[in-house]
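J.: The file below is input04.txt, compact mmCIF, C-alpha atoms:
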# COMPACT_ATOMS: atom_id res chain seq x y z
CA MET A 29 43.54 41.14 87.31
CA LYS A 30 45.87 41.38 84.32
CA ILE A 31 44.74 42.93 81.05
CA THR A 32 46.65 42.50 77.80
CA PHE A 33 46.13 44.60 74.68
CA ILE A 34 46.33 42.18 71.78
CA LEU A 35 45.51 44.27 68.71
CA HIS A 36 42.96 46.83 67.51
CA SER A 37 39.84 46.10 69.63
CA SER A 38 41.03 42.82 71.10
CA TYR A 39 41.83 42.55 74.80
CA PHE A 40 42.55 39.60 77.07
CA VAL A 41 41.52 39.76 80.73
CA GLU A 42 42.95 37.25 83.20
CA LEU A 43 41.00 36.99 86.44
CA GLU A 44 41.56 34.74 89.42
CA ASN A 45 39.49 31.83 88.12
CA CYS A 46 38.89 32.48 84.42
CA CYS A 47 39.80 34.61 81.42
CA LEU A 48 37.86 36.85 79.04
CA LEU A 49 38.85 37.41 75.40
CA PHE A 50 37.22 40.17 73.37
CA ASP A 51 37.01 40.67 69.59
CA TYR A 52 40.02 38.59 68.60
CA TYR A 53 40.99 38.31 64.95
CA GLU A 54 44.78 38.13 65.02
CA GLY A 55 47.74 38.62 67.32
CA GLU A 56 49.27 36.72 70.22
CA VAL A 57 46.91 35.65 73.01
CA PRO A 58 48.53 35.15 76.43
CA SER A 59 48.85 31.52 77.46
CA SER A 60 46.51 30.27 80.17
CA ASN A 61 44.79 27.02 81.10
CA LYS A 62 42.00 28.78 82.99
CA PRO A 63 38.48 28.55 81.58
CA VAL A 64 37.98 31.20 78.92
CA TYR A 65 34.92 33.15 77.83
CA ILE A 66 35.26 34.50 74.31
CA PHE A 67 33.28 37.42 72.89
CA ALA A 68 32.85 38.59 69.30
CA SER A 69 30.77 41.74 68.94
CA HIS A 70 30.05 41.35 65.21
CA CYS A 71 31.19 39.71 62.00
CA HIS A 72 33.56 42.37 60.62
CA GLY A 73 37.01 41.02 59.89
CA ASP A 74 38.72 43.37 62.35
CA HIS A 75 36.59 41.99 65.21
CA PHE A 76 36.14 38.30 64.46
CA SER A 77 38.09 35.47 62.87
CA PRO A 78 37.48 31.72 63.01
CA LYS A 79 41.04 31.52 64.32
CA VAL A 80 39.57 32.39 67.72
CA PHE A 81 38.15 28.87 67.99
CA GLY A 82 41.69 27.66 68.52
CA GLN A 83 41.40 28.96 72.08
CA ALA A 84 39.18 25.94 72.85
CA ARG A 85 42.13 23.62 73.36
CA PRO A 86 41.66 20.05 74.59
CA GLY A 87 41.26 20.02 78.35
CA ARG A 88 40.39 23.71 78.57
CA LYS A 89 36.84 24.90 79.17
CA ALA A 90 35.73 27.53 76.66
CA HIS A 91 32.44 29.27 75.98
CA PHE A 92 31.73 31.62 73.09
CA PHE A 93 29.36 34.60 73.04
CA LEU A 94 29.00 35.53 69.37
CA SER A 95 26.86 38.24 67.82
CA ASN A 96 24.09 36.64 65.82
CA ASP A 97 25.30 38.26 62.59
CA ILE A 98 28.09 35.64 62.66
CA TRP A 99 26.95 32.59 60.71
CA GLU A 100 26.60 29.41 62.73
CA SER A 101 28.37 27.58 59.92
CA ARG A 102 31.59 29.42 60.86
CA VAL A 103 31.59 27.70 64.25
CA PRO A 104 33.17 24.23 64.34
CA GLU A 105 30.40 21.70 64.88
CA GLU A 106 31.96 20.32 68.06
CA LEU A 107 31.98 23.84 69.61
CA ARG A 108 28.38 24.79 68.83
CA PRO A 109 27.07 23.42 72.17
CA ALA A 110 29.52 25.83 73.87
CA THR A 111 28.38 28.82 71.79
CA THR A 112 25.72 31.39 72.62
CA PHE A 113 24.56 33.61 69.78
CA VAL A 114 23.52 36.98 71.16
CA ALA A 115 21.15 39.69 70.01
CA PRO A 116 21.03 43.37 71.05
CA ARG A 117 19.44 44.35 74.35
CA GLN A 118 19.24 40.83 75.74
CA ALA A 119 20.71 39.04 78.78
CA TYR A 120 22.57 35.72 78.89
CA GLN A 121 24.50 33.56 81.32
CA ALA A 122 27.08 30.81 81.10
CA GLY A 123 28.59 29.44 84.27
CA ASP A 124 29.29 32.35 86.60
CA VAL A 125 29.41 34.91 83.78
CA GLN A 126 26.47 37.24 83.19
CA VAL A 127 26.24 39.03 79.86
CA ALA A 128 23.98 41.88 78.74
CA THR A 129 24.13 43.39 75.26
CA LEU A 130 23.62 46.84 73.79
CA ARG A 131 22.78 47.67 70.18
CA SER A 132 25.72 48.84 68.10
CA THR A 133 25.61 51.98 66.00
CA ASP A 134 27.33 49.96 63.28
CA ALA A 135 26.94 46.18 63.41
CA GLY A 136 26.23 43.64 66.11
CA VAL A 137 26.38 44.38 69.81
CA ALA A 138 28.34 45.82 72.70
CA PHE A 139 28.90 43.67 75.79
CA LEU A 140 28.38 44.32 79.49
CA VAL A 141 29.95 41.40 81.33
CA GLY A 142 29.74 40.55 85.02
CA CYS A 143 32.36 38.14 86.29
CA GLU A 144 34.04 37.50 89.66
CA GLY A 145 32.43 40.56 91.18
CA LYS A 146 33.67 42.90 88.42
CA LEU A 147 31.78 44.60 85.61
CA PHE A 148 33.34 44.94 82.15
CA TYR A 149 32.11 46.91 79.15
CA HIS A 150 33.36 46.22 75.62
CA ALA A 151 31.87 48.56 73.04
CA GLY A 152 32.57 46.59 69.87
CA ASP A 153 31.62 49.10 67.17
CA LEU A 154 29.13 50.95 69.38
CA ASN A 155 30.61 54.41 68.87
CA CYS A 156 29.64 57.93 67.90
CA TRP A 157 30.44 57.57 64.20
CA VAL A 158 30.48 61.23 63.20
CA TRP A 159 32.38 61.98 60.00
CA ASP A 160 33.64 65.21 58.49
CA GLY A 161 31.75 65.79 55.24
CA ALA A 162 28.73 63.70 56.20
CA PRO A 163 25.34 65.48 56.14
CA ARG A 164 24.69 67.47 59.30
CA PHE A 165 21.39 65.69 59.99
CA GLN A 166 23.17 62.32 59.76
CA ASN A 167 25.85 63.30 62.27
CA ASP A 168 23.28 64.83 64.61
CA GLN A 169 21.20 61.67 64.44
CA MET A 170 24.27 59.57 65.21
CA VAL A 171 25.02 61.60 68.34
CA GLN A 172 21.44 61.17 69.53
CA ILE A 173 21.32 57.42 68.90
CA TYR A 174 24.69 56.84 70.57
CA GLN A 175 23.82 58.87 73.66
CA GLU A 176 20.47 57.11 73.99
CA GLU A 177 22.11 53.68 73.85
CA LEU A 178 24.65 54.65 76.49
CA GLN A 179 21.83 55.47 78.86
CA LEU A 180 21.56 51.71 79.38
CA LEU A 181 24.87 52.01 81.25
CA ALA A 182 23.83 54.92 83.47
CA GLY A 183 24.13 54.25 87.19
CA LYS A 184 26.26 51.12 86.77
CA HIS A 185 29.68 50.87 88.38
CA ILE A 186 31.84 49.65 85.52
CA ASN A 187 35.28 48.54 86.64
CA VAL A 188 36.91 48.19 83.22
CA ALA A 189 35.75 49.52 79.84
CA PHE A 190 37.09 49.16 76.31
CA VAL A 191 35.97 52.13 74.20
CA PRO A 192 36.79 53.26 70.62
CA LEU A 193 39.12 56.17 70.02
CA ASP A 194 39.31 56.14 66.23
CA PRO A 195 41.79 58.51 64.52
CA ARG A 196 39.98 58.19 61.19
CA GLN A 197 37.31 60.50 62.59
CA GLU A 198 39.89 63.27 62.70
CA ALA A 199 38.56 66.18 64.78
CA ASP A 200 35.69 64.04 66.05
CA PHE A 201 37.87 61.13 67.20
CA ASP A 202 37.05 61.89 70.84
CA LEU A 203 33.25 61.91 70.73
CA GLY A 204 32.62 58.26 71.55
CA MET A 205 34.93 58.40 74.55
CA LYS A 206 33.57 61.75 75.74
CA TYR A 207 29.95 60.66 75.68
CA PHE A 208 30.84 57.35 77.36
CA PHE A 209 32.35 59.21 80.30
CA GLN A 210 29.39 61.55 80.48
CA ALA A 211 26.91 58.66 80.51
CA ALA A 212 28.68 56.17 82.77
CA GLY A 213 32.47 56.14 82.83
CA ALA A 214 34.57 53.41 84.42
CA ASP A 215 37.40 53.00 86.89
CA HIS A 216 39.78 52.08 84.06
CA VAL A 217 39.12 52.79 80.38
CA PHE A 218 41.17 51.17 77.62
CA PRO A 219 41.08 52.88 74.21
CA MET A 220 40.64 50.64 71.18
CA HIS A 221 39.92 50.69 67.44
CA MET A 222 42.92 52.98 66.91
CA TRP A 223 44.20 51.34 63.71
CA GLY A 224 47.77 51.45 65.02
CA ASP A 225 47.76 55.22 65.59
CA TYR A 226 48.23 55.39 69.35
CA SER A 227 48.84 59.16 69.32
CA VAL A 228 45.13 59.67 69.95
CA VAL A 229 45.56 58.42 73.52
CA PRO A 230 47.85 61.22 74.78
CA LEU A 231 45.90 63.65 72.58
CA PHE A 232 42.66 62.80 74.38
CA LYS A 233 44.29 62.78 77.82
CA SER A 234 45.97 66.16 77.29
CA THR A 235 42.79 67.92 76.14
CA PRO A 236 41.93 70.42 78.92
CA THR A 237 38.20 69.69 78.83
CA TYR A 238 38.93 66.02 79.58
CA LYS A 239 41.24 66.57 82.56
CA ASP A 240 38.76 64.87 84.90
CA TYR A 241 38.84 61.73 82.76
CA ALA A 242 42.55 61.57 81.94
CA ASN A 243 43.74 59.55 84.93
CA ARG A 244 41.21 56.80 84.15
CA VAL A 245 42.28 56.39 80.50
CA MET A 246 45.02 53.79 80.21
CA ASP A 247 48.19 54.57 78.27
CA VAL A 248 47.81 52.00 75.50
CA SER A 249 50.67 52.33 73.04
CA MET A 250 51.54 48.95 71.52
CA PRO A 251 50.23 45.41 70.97
CA GLY A 252 51.16 42.98 73.72
CA GLN A 253 51.13 45.66 76.40
CA GLU A 254 50.13 44.35 79.85
CA PHE A 255 48.36 46.18 82.64
CA GLN A 256 48.10 44.90 86.21
CA LEU A 257 45.03 46.29 87.98
Please lay out the structure from this file as structure tokens.
T.:
Amino acid sequence: MKITFILHSSYFVELENCCLLFDYYEGEVPSSNKPVYIFASHCHGDHFSPKVFGQARPGRKAHFFLSNDIWESRVPEELRPATTFVAPRQAYQAGDVQVATLRSTDAGVAFLVGCEGKLFYHAGDLNCWVWDGAPRFQNDQMVQIYQEELQLLAGKHINVAFVPLDPRQEADFDLGMKYFFQAAGADHVFPMHMWGDYSVVPLFKSTPTYKDYANRVMDVSMPGQEFQL
């Protein structure tokens, strides 16, 4: 498979028979005529834009899995039959693609996607949103809620995961990634939600306590970067 980092939390996965596109809002999407399954985890402008409907070109099969906080009116009328609105902790299917959702700690959902014998996890904004200066009880509650949600992934063999590594959290930028590895992990983990500051990737990988995870975290450093797995 080939995976392309588009921008922010958006990734494009090209498989043998189809493609997956996650959380697109801007940037260059690789060209392909294969059927495409398009995912939007929630309505925030850095995860969804109506521009994504342009991927449903004439002659190309497309199906959309959109979080149900995205208004139906934003979907072109002719594409609504090819759109599934998803809620947290539910299961869906379209063609040969199986989709399960988790509840985000911010808005919308995270996706667990089975396709062509592979399992993909895209976190959306499901992250351990701990902030310096926030009340201690609030941060402690966030850790608990995040860890509990990740238990839905326990015991699953995830081939590829897309997980936030947000530099705005400063000293706590690593928590979402750390707890993901502790709960489930994946063969290949692509950092996202980095707001253009890719220094957090080598910072995470060079942290001694994460040495067992480092070789599974991909060296994402610029939009348009391609990875052949």
J.: Using all atoms listed in the file, which residues sit within 6 Å of Cys156 of chain A once same-chain residues fewer than 3 positions away are excluded, as a CSV table (one decimal) with C-alpha atoms, keeping the file's coordinate frame?
T.:
chain,number,residue,atom,x,y,z
A,171,VAL,CA,25.0,61.6,68.3
A,174,TYR,CA,24.7,56.8,70.6
A,204,GLY,CA,32.6,58.3,71.6
J.: Which one of A:Thr237, A:Ser59, A:Ser132, A:Gln253 sits closest to Thr32 of chain A if you count all atoms listed in the file?
T.: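 The answer is A:Gln253, which sits nearest to Thr32 of chain A.
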J.: Point out the residue among A:Leu154, A:Ala182, A:Met246, A:Leu130 with the least atom-to-atom distance to Phe209 of chain A, counting all atoms listed in the file.
T.: A:Ala182
J.: With all atoms listed in the file as the basis for distance, which of A:Pro163, A:Pro116, A:Pro251, A:Pro58 is at the shortest distance from Leu140 of chain A?
T.: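 Comparing A:Pro163, A:Pro116, A:Pro251, A:Pro58 against Leu140 of chain A, the winner is A:Pro116.
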J.: What is the distance between atom CA of Ala122 of chain A and atom CA of Glu176 of chain A, in Å to one decimal?
T.: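 Those two atoms sit 28.0 Å apart.
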J.: May I ask for the distance between atom CA of Lys184 of chain A and atom CA of Ala211 of chain A, given in Å to one decimal place?
T.: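 Result for atom CA of Lys184 of chain A versus atom CA of Ala211 of chain A: 9.8 Å, one decimal.
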J.: Considering all atoms listed in the file, state which residue in the set A:His70, A:His150, A:His221, A:His216 is at the smallest distance from Pro195 of chain A.
T.: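 Smallest distance to Pro195 of chain A is found for A:His221.
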J.: Fewer than 2 positions away in the same chain doesn't count, so skip those; otherwise give me all residues within 8 Å of Gln256 of chain A, counting all atoms listed in the file, as a ChimeraX atom specification.
T.: /A:29-31,254
J.: Could you give me, as a list in words, the residues within 9 Å of Arg117 of chain A, counting all atoms listed in the file and dropping anything in the same chain fewer than 4 positions from it?
T.: Ala128, Thr129, Leu130, Arg131 and Val137 of chain A
J.: For the selection you just gave me, I'd like the residues written to a file as a CSV table (one decimal), in the coordinates of the input, keeping C-alpha atoms.
T.:
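Generated output (selection_30.csv):
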chain,number,residue,atom,x,y,z
A,128,ALA,CA,24.0,41.9,78.7
A,129,THR,CA,24.1,43.4,75.3
A,130,LEU,CA,23.6,46.8,73.8
A,131,ARG,CA,22.8,47.7,70.2
A,137,VAL,CA,26.4,44.4,69.8
J.: For Asp51 of chain A, list every protein, DNA or RNA residue within 10 Å, evaluated using all atoms listed in the file, and leave out those in the same chain fewer than 6 positions away; present the list as a PyMOL selection string.
T.: chain A and resi 34-40+66-77+80+94+150+152
J.: Please write out, as lines of an AutoDock Vina configuration file, where the centre of an axis-aligned box around all listed atoms of segment 125-134 of chain A lies and how long its edges are, in Å to one decimal, after adding 6 Å on each side.
T.:
center_x = 26.1
center_y = 43.4
center_z = 73.5
size_x = 18.6
size_y = 29.1
size_z = 32.5
J.: Which value, in Å to one decimal, gives the distance between atom CA of Asp247 of chain A and atom CA of Leu178 of chain A?
T.: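 Distance reported for this atom pair: 23.6 Å.
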J.: In terms of the shortest atom-to-atom distance over only C-alpha atoms, which of A:Asp194, A:Asp202, A:Glu106, A:Asp134 is closest to Ile173 of chain A?
T.: A:Asp134
J.: Can you work out which one of A:Gln197, A:Thr112, A:Gln126, A:Ser234 has the shortest atom-to-atom distance to Val141 of chain A, counting only C-alpha atoms?
T.: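 Selected residue with least distance to Val141 of chain A: A:Gln126.
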